[in-house]
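Shown next, in structure tokens, is the structure this report addresses.
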Amino acid sequence: MIPELGNFFLIMAFINAILLGTLPFYGAQTNHKGLIQFAHKASTSIFLLMLASFVCLTISFIQNDFSVAYVANHSNTQLPIYYRISAVWGSHEGSLLLWVLILAGWIFAVSKFSKSLPDTMIARVLGVMGLIAVGFVSFTLFTSNPFERALPFIPIDGADLNPLLQDFGLIVHPPMLYMGYVGFSVVFAFAIAGLLQGELDYKWAKWSRPWTTVAWIFMTLGIALGSWWAYYELGWGGWWFWDPVENASFLPWLAGTALIHSLAATEKRAAFKSWTVLLAILTFSLSLLGTFLVRSGVLTSVHAFANDPVRGKFILMFLAIVVGASLILYAIQSSKVRSKSDYTLVSREIALLFNNALLAVSTFVVLLGTLHPLIVEAFTDGKSSVGPPYFNLMFSVFFIPILLLMPLGQQISWKKDDLPALLKKYVWWFLSCIFLGLLLTFGLNGFTFTDIEPMAILGTILGLWVIAGTVKYIQLQSAKSQSRLAGVRKISRSYWGMILAHIGVAVTTLGVVLTSYYSIEKDIRIEIGETVEVEGLSVHFKDFKNIQGPNYIASKAIFDVTKDDDFIAQLKPEKRRYNASQMVMTEAAIDPGLFRDVYIAMGEPLDNSAWAIRVYYKPFVRWIWLGAIFMALGGILAMTDKRYREKKLKKKASQEANTNGQ
Amino acid sequence: MANKKVIITSIPIVIFTALVVVFWFSLGNDPTELPSQRIGKEVPEFRLSNLHNAEEFFTNQDLPKKPFLLNVWATWCVSCHVEHPYLVKFANQYPIPIIGLNYKDERVDALKYLQKGGDPYLFSIADEDGTMGIDLGVYGAPETFLVDGNGVIHHRYVGVIDNRVWNTIILPKMKELDPNLEQLEAAE
């Protein structure tokens, strides 16, 4: 009964989405108040219906209703309750339902928090989002319905959730990521509504900025969580693989980052209007493209869902319609838009243009690498794909200038600035960074000149340079006021956001570079009671036992790690065999630290109670994710800037005045 | 001037259209269908023990002299459990021999499993270390190879064989290999 209810709610949401995707446009065209109002009502009901539908699927999982095929394939009676709930989005159908729920949530939020916008604009924005919902709800209903029953042969027990996904990281990673993916639909809807409205002035940029930032924050955290999960769960110490599905999330992030910057130029200086609109369309298109790549099975990936050409065709049609229509609309309408260009060659506008060009090219090279297998296959008979070396090289080539220019870009003024004077302020800072970077990498290299890694040195210098440049920025800004403290206080919250996010980029860069070049990885054979030296660390195999988990049995080893007789950590890696699927999983044990991780993963049992184990020493690896947290915090600061709050306060005040007056 | 601008703003839609075309044609292609090195070649040389009797060995000479299926399976493979009843059914209904390759498995578990679920195989080869699996290029179970009477591999199917796969892929291809099978009807 409950699955049927869930299906019913989903169908009702579908009908609502069709109405939301059509009537408000007509209402906006004819200025029909009732139809415009309807957009808000439909938004609320879509959200509530999707929530109800999602709850129904969750209940089916909690109750172990194996008559539902999706539940039977991805759950098991032995599965702990929290994983039974997270199993809801553990595979294609359920995660699609979560996707639609989140989309409905964004629709609801836009309808609730955009009361200050012109009626016709908001009606069109909600209408565009309604159309997107039509696409995704029908995709769920017609090709990937999670409520389908497995009748008449009901399995006695389920096939279990993939053990890789039985993990905290996976409970939070997909919802975060989807919040980001789908969140970019808001700025997309604003862009399309603006094009339809024929009004692409700075207001459009102003309205969509906080929405874009929120989506970007979620995306940043989602990607970081995925990387962190891969690091500790996959058991081989990697944190980024340039896997097609990782790229699918990285592409909209890169485009979204460019968008955040160009929106600033459009809002403040009415510059790059046409480009910003295109970027808004592209960012969401890349989100959709990601969905297509992940769910159609055209590319192989560790994440890919079961491939089904019907699903692939459906989502490709949807992609073609949404993106195609948007780009045609863009081609027609944006040629009418005129941007201001009252800036000179040395100005913040140009700095932002550089930023956008570099981010756009980075996006493009990642896209090209990801689609490479498809393109090759389309023109030749061969199968081929490009590996991490391509991505690492191409991405670095375009990211180095971004880092190099970042400190200057944040300081340079709008319209016109004096480049020699600007450079002069920074020259000593830059030289100090070179010195510090050389010193740091020299130290990490064990104070020798052998095996010097030029890229490691360059990356370290650039990371330090961004941090130093940001400090210099604060110094320069605060010098404008009478006292330093007053000056620092004067820096607005959105600028603090920028500062923090840029420091985040530097921190992540340092983490990536240092851990890539200075990690130590050793495979060793070790017996109980034995002590093995690994690059200055003593690993002592203290004990070994078999343990019984809720739905698995495991071999657990206990290692004491010491360095120069100082106790560092006790690590307890496990090797688990899951009962239902009989899959063997490695649970790595990690001793985390701000400056290094010690990481042990169990390999295979050898003879005489000996085991093959793998020991990693990873300096600065935490900084990769720490930087992402900084970026996200920066985003939060930026979107909670006074400018946005003031408007709300004012509105509240005026509303109160109104109600008092009545 | 305005025309020129339209041309520029039309660039994205042109690029996008080209991409969609590429995607459309890649949809039918299954990326997991790796061009097997083995297609068109003979079953690799092997000498492996009989699953039912560790003392007895099979080699290429023991393979049937008419077209047959070589099914790679294991008890640890969940999808194989799904596939198994279908194989038992097909083995009973069709005159097509199925050879089992028990892949990286425990002999005792495998025998227990066959006793319980039925044995669809003409004979079963025990590939305990997975050496033959490597030679065949197996990368997951279940996998099924379609082999002709001369021991040449013609096709490989990755995944569970159920009624649909049997009727649309396996049976038509087997009919091509063996004209004697022409009269056989689809499974229900």
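Chain labels follow the order of the structure tokens: the first chain is A, the next B, and so on; residue numbering restarts at 1 in every chain, and ligands are counted from 1 in their shown order.
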
Item checked: DSSP helix (DSSP H, G or I) residues within range 188-358 of chain A, as a ChimeraX atom specification -> /A:188-197,202-233,244-269,273-296,309-336,348-358

Check: If we count only C-alpha atoms, which residues of chain A reach to within 10 Å of chain B? Please list them as a VMD selection string.
Finding: chain A and resid 159 274 to 275 278 282 292 to 293 296 to 301 307 to 313 316 to 317 319 to 320 323 to 337 371 373 to 379 382 to 383 580 to 584

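Considering the residues B:Ala186, B:Val82, B:Met132, B:Ala141 and counting only C-alpha atoms, Phe46 in chain B has its shortest atom-to-atom contact with B:Met132.
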
Check: By how many Å are CA of Gly127 in chain A and CA of Pro24 in chain A apart?
Finding: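 Interatomic distance here is 5.8 Å.
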
Can you tell me, as a JSON list (two decimals) with C-alpha atoms, in the first residue's frame, what residues are no more than 7 Å from Lys203 in chain A when counting only C-alpha atoms, ignoring any on the same chain fewer than 3 positions away?
[["chain", "number", "residue", "atom", "x", "y", "z"],
["A", 206, "LYS", "CA", 21.80, 40.75, -8.21],
["A", 207, "TRP", "CA", 18.86, 38.42, -7.63],
["A", 267, "GLU", "CA", 25.98, 43.27, -11.05]]

Show me, as a compact mmCIF listing (two decimals) with N, CA and C atoms, in the first residue's frame, the residues that have an atom within 8 Å of Asn445 in chain A when counting only C-alpha atoms, minus same-chain residues fewer than 5 positions from it.
# COMPACT_ATOMS: atom_id res chain seq x y z
N ASP A 451 66.21 14.27 -6.35
CA ASP A 451 64.79 14.14 -6.68
C ASP A 451 64.00 15.42 -6.44
N ILE A 452 64.49 16.51 -6.93
CA ILE A 452 63.75 17.75 -6.78
C ILE A 452 62.60 17.77 -7.77
N TYR A 518 54.98 14.27 -1.98
CA TYR A 518 55.77 13.84 -0.83
C TYR A 518 55.14 12.68 -0.06

Item checked: Top pick for closest residue to Glu349 in chain A, considering A:Cys56, A:Ala270, A:Thr363, A:Phe398 and counting only C-alpha atoms ->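 That would be A:Ala270, the residue with the smallest distance to Glu349 in chain A.
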
Next item on the list: Please identify all polymer residues within 12 Å of Tyr94 in chain B, counting only C-alpha atoms, omitting same-chain residues fewer than 6 positions from it, and present them as a ChimeraX atom specification.
Entry: /B:68-69,86-88,120,166,170-171,174-175,180-187

Note to self: I'd like the contact shell of Val539 in chain A - 10 Å cut-off, only C-alpha atoms, skipping same-chain residues fewer than 3 positions apart - returned as a PyMOL selection string.
What the structure shows: chain A and resi 526+530-534+536+542+559-563+569-571+600+615

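The interatomic distance for the pair CA of Arg47 in chain B and CA of Asp62 in chain B works out to 10.1 Å.
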
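Reported to one decimal place, the separation of CA of Val214 in chain A from CA of Phe399 in chain A is 23.8 Å.
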
Within 10 Å of Val361 in chain A, counting only C-alpha atoms, which residues show up once you throw out same-chain ones fewer than 3 positions away? Write them as an mmCIF file with C-alpha atoms, in the first residue's frame, please.
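What ended up in result.cif:
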data_model
loop_
_atom_site.group_PDB
_atom_site.id
_atom_site.type_symbol
_atom_site.label_atom_id
_atom_site.label_comp_id
_atom_site.auth_asym_id
_atom_site.auth_seq_id
_atom_site.Cartn_x
_atom_site.Cartn_y
_atom_site.Cartn_z
ATOM 1 C CA LEU A 254 34.335 25.076 -12.395
ATOM 2 C CA ALA A 255 31.690 26.763 -14.524
ATOM 3 C CA ASN A 355 39.575 34.642 -14.408
ATOM 4 C CA ASN A 356 36.604 33.647 -16.531
ATOM 5 C CA ALA A 357 38.638 32.836 -19.585
ATOM 6 C CA LEU A 358 41.014 30.628 -17.586
ATOM 7 C CA PHE A 364 36.751 22.856 -21.490
ATOM 8 C CA VAL A 365 39.886 20.719 -21.152
ATOM 9 C CA VAL A 366 38.289 18.643 -18.406
ATOM 10 C CA LEU A 367 35.178 18.255 -20.549
ATOM 11 C CA MET A 394 46.236 20.336 -18.802
ATOM 12 C CA PHE A 395 44.575 21.411 -15.613
ATOM 13 C CA PHE A 398 45.559 26.732 -16.825
ATOM 14 C CA PHE A 399 45.386 26.753 -13.055
#
